[in-house]
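For reference, target.txt (compact mmCIF, C-alpha atoms):
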# COMPACT_ATOMS: atom_id res chain seq x y z
CA MET A 29 -18.52 -109.54 55.96
CA LEU A 30 -19.23 -106.16 55.08
CA ALA A 31 -22.70 -104.91 55.75
CA ALA A 32 -24.70 -104.08 52.76
CA SER A 33 -25.09 -100.41 52.01
CA PRO A 34 -28.46 -99.08 52.97
CA ASN A 35 -30.98 -98.43 50.25
CA PRO A 36 -30.60 -95.06 48.51
CA PRO A 37 -33.17 -92.57 49.60
CA ASP A 38 -36.13 -91.86 47.45
CA GLN A 39 -35.90 -89.18 44.80
CA ASP A 40 -38.38 -87.08 46.72
CA GLU A 41 -36.14 -87.04 49.73
CA LEU A 42 -33.09 -85.54 47.88
CA PRO A 43 -31.98 -82.15 49.16
CA PRO A 44 -33.14 -79.22 47.00
CA LEU A 45 -30.68 -77.85 44.41
CA MET A 46 -29.05 -74.41 44.96
CA PRO A 47 -30.65 -71.70 42.86
CA PRO A 48 -28.41 -70.36 40.05
CA PRO A 49 -26.40 -67.29 41.07
CA ALA A 50 -27.90 -64.00 40.01
CA PRO A 51 -25.97 -62.17 37.27
CA ALA A 52 -23.47 -59.73 38.60
CA ALA A 53 -24.62 -56.14 38.48
CA PRO A 54 -22.60 -53.92 36.20
CA PRO A 55 -20.16 -51.58 37.87
CA PRO A 56 -21.54 -48.20 38.84
CA SER A 57 -19.51 -46.46 36.12
CA ALA A 58 -21.09 -48.59 33.40
CA ALA A 59 -24.67 -48.32 34.69
CA ALA A 60 -26.68 -45.83 32.74
CA ALA A 61 -28.37 -43.15 34.78
CA PRO A 62 -32.11 -43.59 34.74
CA ALA A 63 -34.15 -41.31 32.57
CA PRO A 64 -36.65 -39.20 34.43
CA ALA A 65 -40.04 -40.81 34.56
CA PRO A 66 -42.83 -38.59 33.36
CA GLY A 67 -44.56 -36.83 36.25
CA ARG A 68 -42.08 -38.17 38.86
CA ILE A 69 -39.24 -35.64 38.45
CA ASP A 70 -38.32 -33.72 41.60
CA ARG A 71 -35.37 -31.79 43.03
CA GLU A 72 -33.67 -34.87 44.48
CA PHE A 73 -34.02 -36.79 41.24
CA VAL A 74 -32.53 -33.91 39.25
CA VAL A 75 -29.52 -33.48 41.54
CA LYS A 76 -28.88 -37.19 42.15
CA ASN A 77 -28.93 -38.14 38.47
CA ARG A 78 -27.10 -35.00 37.28
CA LEU A 79 -29.86 -34.22 34.80
CA VAL A 80 -28.64 -30.68 34.20
CA GLU A 81 -25.19 -31.91 33.11
CA ARG A 82 -26.79 -34.55 30.90
CA TYR A 83 -29.08 -31.91 29.42
CA ILE A 84 -26.13 -29.61 28.62
CA GLY A 85 -24.19 -32.53 27.14
CA GLY A 86 -27.15 -33.53 24.95
CA ARG A 87 -27.53 -36.95 26.61
CA LEU A 88 -31.19 -36.65 27.66
CA PRO A 89 -33.99 -37.99 25.51
CA VAL A 90 -36.43 -35.48 24.08
CA ARG A 91 -39.17 -36.26 26.65
CA GLY A 92 -36.71 -36.04 29.55
CA ALA A 93 -35.33 -32.74 28.30
CA GLN A 94 -38.85 -31.33 28.06
CA ASP A 95 -39.66 -32.49 31.62
CA LEU A 96 -36.43 -30.92 32.94
CA GLU A 97 -37.18 -27.63 31.18
CA ARG A 98 -40.69 -27.58 32.68
CA PHE A 99 -39.37 -28.38 36.17
CA CYS A 100 -36.68 -25.65 36.00
CA ARG A 101 -39.30 -23.19 34.78
CA GLU A 102 -41.40 -24.01 37.88
CA HIS A 103 -38.39 -24.16 40.28
CA PRO A 104 -35.77 -21.63 39.00
CA ASP A 105 -34.04 -21.63 42.40
CA LEU A 106 -32.68 -25.08 41.56
CA LEU A 107 -30.23 -23.51 39.10
CA ASP A 108 -28.89 -21.32 41.91
CA GLU A 109 -28.58 -24.33 44.17
CA ILE A 110 -26.39 -26.24 41.70
CA ALA A 111 -24.42 -23.01 40.83
CA LEU A 112 -25.15 -23.37 37.14
CA THR A 113 -24.14 -19.77 36.42
CA ASP A 114 -20.70 -20.29 37.99
CA HIS A 115 -20.16 -23.42 35.91
CA ILE A 116 -21.15 -21.59 32.74
CA ASN A 117 -18.77 -18.71 33.56
CA ALA A 118 -15.95 -21.18 34.17
CA ALA A 119 -16.66 -22.86 30.83
CA LEU A 120 -16.62 -19.49 29.09
CA ARG A 121 -13.26 -18.69 30.65
CA LEU A 122 -11.92 -21.99 29.31
CA LEU A 123 -13.21 -21.16 25.83
CA ASP A 124 -11.62 -17.73 26.00
CA ALA A 125 -8.32 -19.20 27.17
CA SER A 126 -8.34 -21.65 24.27
CA GLY A 127 -9.03 -18.88 21.78
CA ARG A 128 -12.42 -20.21 20.73
CA ALA A 129 -15.52 -18.07 20.42
CA SER A 130 -18.54 -18.45 22.68
CA PRO A 131 -21.21 -20.82 21.35
CA TRP A 132 -23.74 -18.04 20.88
CA GLU A 133 -21.30 -15.72 19.13
CA PRO A 134 -21.59 -15.87 15.33
CA GLU A 135 -18.71 -17.50 13.54
CA PRO A 136 -16.40 -14.85 12.07
CA LYS A 137 -16.99 -14.36 8.38
CA LYS A 138 -14.29 -15.06 5.85
CA TRP A 139 -12.79 -11.91 4.38
CA TRP A 140 -14.53 -12.49 1.06
CA GLU A 141 -17.89 -12.80 2.86
CA GLN A 142 -17.65 -9.41 4.57
CA LEU A 143 -19.76 -6.48 3.40
CA TRP A 144 -16.87 -4.25 2.35
CA VAL A 145 -15.64 -6.79 -0.25
CA PRO A 146 -18.56 -6.49 -2.71
CA ILE A 147 -18.70 -2.73 -2.13
CA ALA A 148 -14.98 -2.37 -2.92
CA ALA A 149 -15.31 -4.65 -5.95
CA ALA A 150 -18.24 -2.62 -7.31
CA THR A 151 -16.37 0.66 -6.73
CA LEU A 152 -13.26 -0.67 -8.46
CA ALA A 153 -15.33 -1.90 -11.41
CA LEU A 154 -16.99 1.52 -11.71
CA ILE A 155 -13.62 3.31 -11.63
CA LEU A 156 -12.17 0.95 -14.24
CA GLY A 157 -15.21 1.43 -16.45
CA VAL A 158 -15.01 5.22 -16.29
CA THR A 159 -11.25 5.12 -16.88
CA SER A 160 -11.73 2.83 -19.87
CA LEU A 161 -14.32 5.21 -21.37
CA VAL A 162 -12.04 8.23 -20.86
CA LEU A 163 -9.04 6.48 -22.36
CA SER A 164 -11.12 5.23 -25.26
CA GLY A 165 -12.29 8.77 -25.97
CA LYS A 166 -8.75 10.15 -25.77
CA LEU A 167 -7.37 7.41 -28.02
CA GLY A 168 -10.15 8.03 -30.52
CA GLY A 169 -9.41 11.77 -30.55
CA ARG A 170 -5.69 11.12 -30.88
CA ASP A 171 -6.20 8.74 -33.79
CA HIS A 172 -8.37 11.34 -35.52
CA THR A 173 -5.72 14.03 -35.01
CA ILE A 174 -2.96 11.74 -36.30
CA ALA A 175 -5.01 10.94 -39.39
CA GLN A 176 -5.52 14.65 -40.06
CA LEU A 177 -1.82 15.38 -39.63
CA LYS A 178 -0.86 12.52 -41.94
CA GLN A 179 -3.23 13.82 -44.56
CA GLN A 180 -1.87 17.33 -44.15
CA VAL A 181 1.72 16.11 -44.48
CA ALA A 182 0.84 14.02 -47.51
CA GLN A 183 -0.81 16.97 -49.22
CA GLN A 184 1.62 19.58 -47.85
CA PRO A 185 -0.23 22.54 -49.39
CA LEU A 186 1.80 25.67 -50.10
CA GLU A 187 0.30 29.04 -49.32
CA PRO A 188 0.79 31.75 -51.94
CA THR A 189 3.20 34.49 -50.91
CA THR A 190 2.25 38.14 -51.18
CA SER A 191 5.58 39.70 -50.25
CA THR A 192 9.32 39.08 -50.26
CA ARG A 193 11.52 39.92 -47.29
CA SER A 194 15.31 40.20 -47.49
CA ILE A 195 17.18 38.79 -44.50
CA THR A 196 20.94 39.15 -44.13
CA VAL A 197 22.63 36.25 -42.33
CA MET A 198 26.17 36.40 -40.91
CA PRO A 199 27.05 32.70 -40.52
CA SER A 200 29.37 31.32 -37.89
CA ARG A 201 32.80 30.41 -39.24
CA VAL A 202 33.82 28.45 -36.10
CA ALA A 203 31.24 25.69 -35.49
CA PRO A 204 27.50 24.92 -35.76
CA SER A 205 25.27 26.78 -33.28
CA ARG A 206 21.69 26.31 -32.14
CA HIS A 207 21.27 30.05 -31.78
CA SER A 208 18.83 31.24 -34.47
CA MET A 209 20.14 34.04 -36.70
CA ALA A 210 16.84 34.69 -38.54
CA THR A 211 13.13 33.89 -38.20
CA LEU A 212 10.87 33.22 -41.18
CA GLY A 213 7.08 33.31 -41.17
CA GLY A 214 4.87 34.29 -38.26
CA ALA A 215 2.88 36.79 -40.30
CA ALA A 216 -0.79 36.56 -41.27
CA SER A 217 0.16 35.02 -44.61
CA ALA A 218 3.12 33.14 -46.01
CA GLU A 219 6.13 35.14 -47.11
CA MET A 220 9.01 34.61 -49.47
CA ALA A 221 12.28 35.07 -47.60
CA ASP A 222 15.42 36.09 -49.49
CA LEU A 223 18.28 34.83 -47.33
CA LYS A 224 21.50 36.73 -47.99
CA ILE A 225 24.37 34.67 -46.58
CA ASP A 226 27.68 36.58 -46.36
CA VAL A 227 30.60 34.40 -47.55
CA SER A 228 32.79 37.25 -48.78
CA TRP A 229 35.84 36.16 -46.76
CA THR A 230 36.44 32.84 -48.58
CA PRO A 231 38.36 32.67 -51.93
CA LEU A 232 35.95 30.00 -53.21
CA ASP A 233 33.17 31.06 -55.59
CA GLN A 234 30.99 27.98 -55.83
CA PHE A 235 29.12 26.47 -52.87
CA ARG A 236 26.81 23.75 -51.65
CA VAL A 237 24.25 24.48 -48.89
CA THR A 238 22.74 21.64 -46.85
CA MET A 239 19.57 22.23 -44.77
CA ASP A 240 18.82 19.95 -41.78
CA ARG A 241 15.93 20.16 -39.35
CA ILE A 242 17.59 20.07 -35.93
CA ASP A 243 17.15 16.75 -34.10
CA GLN A 244 15.08 15.32 -37.00
CA GLY A 245 16.74 14.97 -40.38
CA ARG A 246 17.87 16.39 -43.69
CA VAL A 247 15.45 18.61 -45.59
CA ALA A 248 17.23 19.84 -48.72
CA ILE A 249 20.58 20.21 -50.48
CA PHE A 250 21.27 23.16 -52.78
CA HIS A 251 24.03 22.41 -55.30
CA ASN A 252 26.31 24.68 -57.31
CA LEU A 253 25.35 28.00 -55.77
CA LYS A 254 27.46 31.01 -56.78
CA ARG A 255 27.94 34.13 -54.75
CA ASP A 256 27.30 37.54 -56.30
CA SER A 257 29.82 40.32 -56.79
CA ASN A 258 29.36 41.34 -53.12
CA GLY A 259 30.29 37.86 -51.87
CA VAL A 260 26.70 36.98 -50.89
CA LEU A 261 24.83 33.70 -51.44
CA HIS A 262 21.09 34.02 -52.10
CA LEU A 263 18.52 31.45 -50.91
CA GLU A 264 14.81 32.15 -51.45
CA LEU A 265 12.38 30.09 -49.35
CA ASN A 266 8.58 30.02 -49.02
CA SER A 267 7.92 30.05 -45.27
CA SER A 268 4.91 27.68 -45.70
CA ALA A 269 7.07 25.05 -47.41
CA LEU A 270 8.78 24.12 -44.15
CA GLY A 271 7.26 22.99 -40.90
CA PRO A 272 7.76 25.05 -37.75
CA GLY A 273 11.10 24.47 -36.03
CA ASP A 274 14.80 25.22 -36.19
CA TYR A 275 16.89 24.49 -39.28
CA GLN A 276 20.66 24.41 -39.60
CA LEU A 277 22.38 25.50 -42.79
CA THR A 278 25.81 24.09 -43.58
CA ILE A 279 27.73 26.14 -46.17
CA GLU A 280 30.48 24.25 -47.98
CA GLY A 281 32.80 25.65 -50.63
CA LEU A 282 33.64 23.56 -53.68
CA ASP A 283 37.21 23.41 -54.94
CA ARG A 284 37.98 23.07 -58.60
CA TRP A 285 37.60 19.30 -58.46
CA GLY A 286 34.14 19.70 -56.84
CA ASN A 287 35.20 18.52 -53.39
CA PRO A 288 33.16 20.19 -50.55
CA ILE A 289 35.09 22.13 -47.90
CA PRO A 290 33.12 23.32 -44.81
CA GLN A 291 33.09 27.12 -44.63
CA ALA A 292 30.34 28.30 -42.23
CA TRP A 293 27.09 27.40 -40.38
CA ALA A 294 23.87 29.28 -39.77
CA THR A 295 20.60 28.47 -37.93
CA ILE A 296 17.20 29.82 -38.92
CA SER A 297 13.74 29.37 -37.37
CA ILE A 298 10.41 28.80 -39.11
CA VAL A 299 7.16 29.83 -37.37
CA HIS A 300 3.56 29.56 -38.56
Using structure tokens, write down the structure from this file.
Amino acid sequence: MLAASPNPPDQDELPPLMPPPAPAAPPPSAAAAPAPAPGRIDREFVVKNRLVERYIGGRLPVRGAQDLERFCREHPDLLDEIALTDHINAALRLLDASGRASPWEPEPKKWWEQLWVPIAAATLALILGVTSLVLSGKLGGRDHTIAQLKQQVAQQPLEPTTSTRSITVMPSRVAPSRHSMATLGGAASAEMADLKIDVSWTPLDQFRVTMDRIDQGRVAIFHNLKRDSNGVLHLELNSSALGPGDYQLTIEGLDRWGNPIPQAWATISIVH
């Protein structure tokens, strides 16, 4: 027979349980660097926990940053020990290589924010204002002059003549010419000009004379003019009746059916 199993030991005699395993510590990379305790910051603590780098990166709390500033103010040789100046110079070289400005350099202003822009705009506005005033004055004066000339043309006053001057004209029998053969006016007062146009060579006795202002338009047509016994046509003109300029006379002979036949041309000038 099998022997009976011995009695189980009392509960108090059971072996003690193993304590629960402690939680695993986070890896060193994930552990946050301790913040400096107030009043306990020293050189070793600053170097070991890289407080300067955390300060530059903005990762220190306000109280820790103040403690670090006070410690560096009391121990400025620490910055030489960690070669802070060399690191700053290297960072500046990287910024320069990337084309970015230094942090303490002001950001370049936009072109419309620069000082010369409002100055140039004000100068341009002043120039445009002065130009507008000058042009307005000139246009006003021109309009006044045009109104006076229109009124003068509408009224077209004739000056009384005090004398009569006889002018003999030898017209061209070849073609019209711009060369003036006689000048009317130019004296202190208007004059009556007696134009004597020689047409003695033609067998025709009756004529028509057309007067055109050169490069402008027709002025007058004289119908059924007869030459005198010397073969001369007479035209009498008041020099104030015509505006200054050159006038071309076209002399046409009329056959017995009244058809005009060109005979000669003459150019006269009117001056005031």
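The interatomic distance for the pair CA of Lys76 in chain A and CA of Asp114 in chain A works out to 19.2 Å.
Closest to Thr196 in chain A among A:His115, A:Lys224, A:His300, A:Arg121 is A:Lys224, based on all atoms listed in the file.
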If I put a ball of radius 6 Å at (25.7, 30.6, -40.8) in the file's coordinates, which residues poke into it when counting all atoms listed in the file, written as a PDB file with C-alpha atoms, keeping the file's coordinate frame?
ATOM      1  CA  MET A 198      26.170  36.400 -40.910  1.00  0.00           C
ATOM      2  CA  PRO A 199      27.050  32.700 -40.520  1.00  0.00           C
ATOM      3  CA  SER A 200      29.370  31.320 -37.890  1.00  0.00           C
ATOM      4  CA  ALA A 292      30.340  28.300 -42.230  1.00  0.00           C
ATOM      5  CA  TRP A 293      27.090  27.400 -40.380  1.00  0.00           C
ATOM      6  CA  ALA A 294      23.870  29.280 -39.770  1.00  0.00           C
TER       7      ALA A 294
END
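For the pair CA of Asn266 in chain A and CA of Gln291 in chain A, the separation is 25.1 Å.
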Open item on the list: Between CA of Lys178 in chain A and CA of Leu212 in chain A, what is the distance in Å, rounded to a tenth?
Closed with: 23.8 Å
Task: Of the listed residues A:Ala148, A:Ile69, A:Leu156, A:Leu106, that which approaches Gln94 in chain A most closely, counting only C-alpha atoms - done: A:Ile69
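Closest approach to Gly286 in chain A from the set A:Gln244, A:Ser208, A:Thr190, A:Gln234 is made by A:Gln234, with distances taken over all atoms listed in the file.
Among the candidates A:Ala119, A:Pro104, A:Leu270, A:Ala203, the residue lying nearest to Ile84 in chain A is A:Ala119 (atoms considered: all atoms listed in the file).
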Padded axis-aligned box of range 75-90 of chain A (4 Å per side), centre and edge lengths, Å, one decimal, as JSON:
{"center_x": -30.3, "center_y": -33.9, "center_z": 33.1, "size_x": 20.2, "size_y": 16.5, "size_z": 26.1}
- [ ] Determine the nearest neighbour of Asp233 in chain A from the options A:Leu186, A:Ile195, A:Leu263, A:Ile279, counting all atoms listed in the file.
- [x] A:Ile279
- [ ] Within 10 Å of (-35.3, -30.7, 44.7) (coordinates as in the file), grab all the protein and nucleic acid residues, counting all atoms listed in the file, and write them out as a PyMOL selection string.
- [x] chain A and resi 69-76+99+103+105-106+109
- [ ] Pick out the residues sitting within 10 Å of Trp229 in chain A, and hand them over as a PyMOL selection string; count all atoms listed in the file, and ignore anything fewer than 2 positions along from it in its own chain.
- [x] chain A and resi 201+226-227+231-232+259+291
Residue completion, range 190-211 of chain A, N, CA and C atoms, as a short mmCIF file (atom, residue, chain, number, x, y, z; two decimals), keeping the file's coordinate frame:
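And here is the file that came out, part.cif:
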data_model
loop_
_atom_site.label_atom_id
_atom_site.label_comp_id
_atom_site.auth_asym_id
_atom_site.auth_seq_id
_atom_site.Cartn_x
_atom_site.Cartn_y
_atom_site.Cartn_z
N THR A 190 2.66 36.80 -50.71
CA THR A 190 2.25 38.14 -51.18
C THR A 190 3.36 39.16 -51.06
N SER A 191 4.48 38.75 -50.42
CA SER A 191 5.58 39.70 -50.25
C SER A 191 6.89 38.95 -50.17
N THR A 192 7.97 39.65 -50.37
CA THR A 192 9.32 39.08 -50.26
C THR A 192 10.10 39.92 -49.25
N ARG A 193 10.75 39.23 -48.32
CA ARG A 193 11.52 39.92 -47.29
C ARG A 193 12.98 39.50 -47.39
N SER A 194 13.87 40.47 -47.43
CA SER A 194 15.31 40.20 -47.49
C SER A 194 15.85 40.10 -46.07
N ILE A 195 16.61 39.03 -45.83
CA ILE A 195 17.18 38.79 -44.50
C ILE A 195 18.66 38.51 -44.68
N THR A 196 19.49 39.33 -44.05
CA THR A 196 20.94 39.15 -44.13
C THR A 196 21.38 38.24 -42.99
N VAL A 197 22.17 37.22 -43.31
CA VAL A 197 22.63 36.25 -42.33
C VAL A 197 24.15 36.28 -42.31
N MET A 198 24.71 36.47 -41.10
CA MET A 198 26.17 36.40 -40.91
C MET A 198 26.48 35.05 -40.27
N PRO A 199 26.86 34.05 -41.05
CA PRO A 199 27.05 32.70 -40.52
C PRO A 199 28.26 32.62 -39.61
N SER A 200 28.24 31.58 -38.78
CA SER A 200 29.37 31.32 -37.89
C SER A 200 30.45 30.58 -38.67
N ARG A 201 31.68 31.03 -38.53
CA ARG A 201 32.80 30.41 -39.24
C ARG A 201 33.57 29.43 -38.34
N VAL A 202 33.08 29.28 -37.07
CA VAL A 202 33.82 28.45 -36.10
C VAL A 202 33.22 27.04 -36.00
N ALA A 203 31.90 26.98 -35.70
CA ALA A 203 31.24 25.69 -35.49
C ALA A 203 29.73 25.88 -35.58
N PRO A 204 28.96 24.80 -35.74
CA PRO A 204 27.50 24.92 -35.76
C PRO A 204 26.99 25.46 -34.42
N SER A 205 25.87 26.19 -34.48
CA SER A 205 25.27 26.78 -33.28
C SER A 205 23.76 26.61 -33.35
N ARG A 206 23.15 26.43 -32.20
CA ARG A 206 21.69 26.31 -32.14
C ARG A 206 21.03 27.69 -32.03
N HIS A 207 21.82 28.70 -31.89
CA HIS A 207 21.27 30.05 -31.78
C HIS A 207 20.75 30.50 -33.14
N SER A 208 19.45 30.85 -33.21
CA SER A 208 18.83 31.24 -34.47
C SER A 208 19.30 32.63 -34.88
N MET A 209 19.69 32.76 -36.17
CA MET A 209 20.14 34.04 -36.70
C MET A 209 19.05 34.77 -37.48
N ALA A 210 17.94 34.06 -37.81
CA ALA A 210 16.84 34.69 -38.54
C ALA A 210 15.59 33.87 -38.32
N THR A 211 14.43 34.54 -38.38
CA THR A 211 13.13 33.89 -38.20
C THR A 211 12.27 34.17 -39.43
#
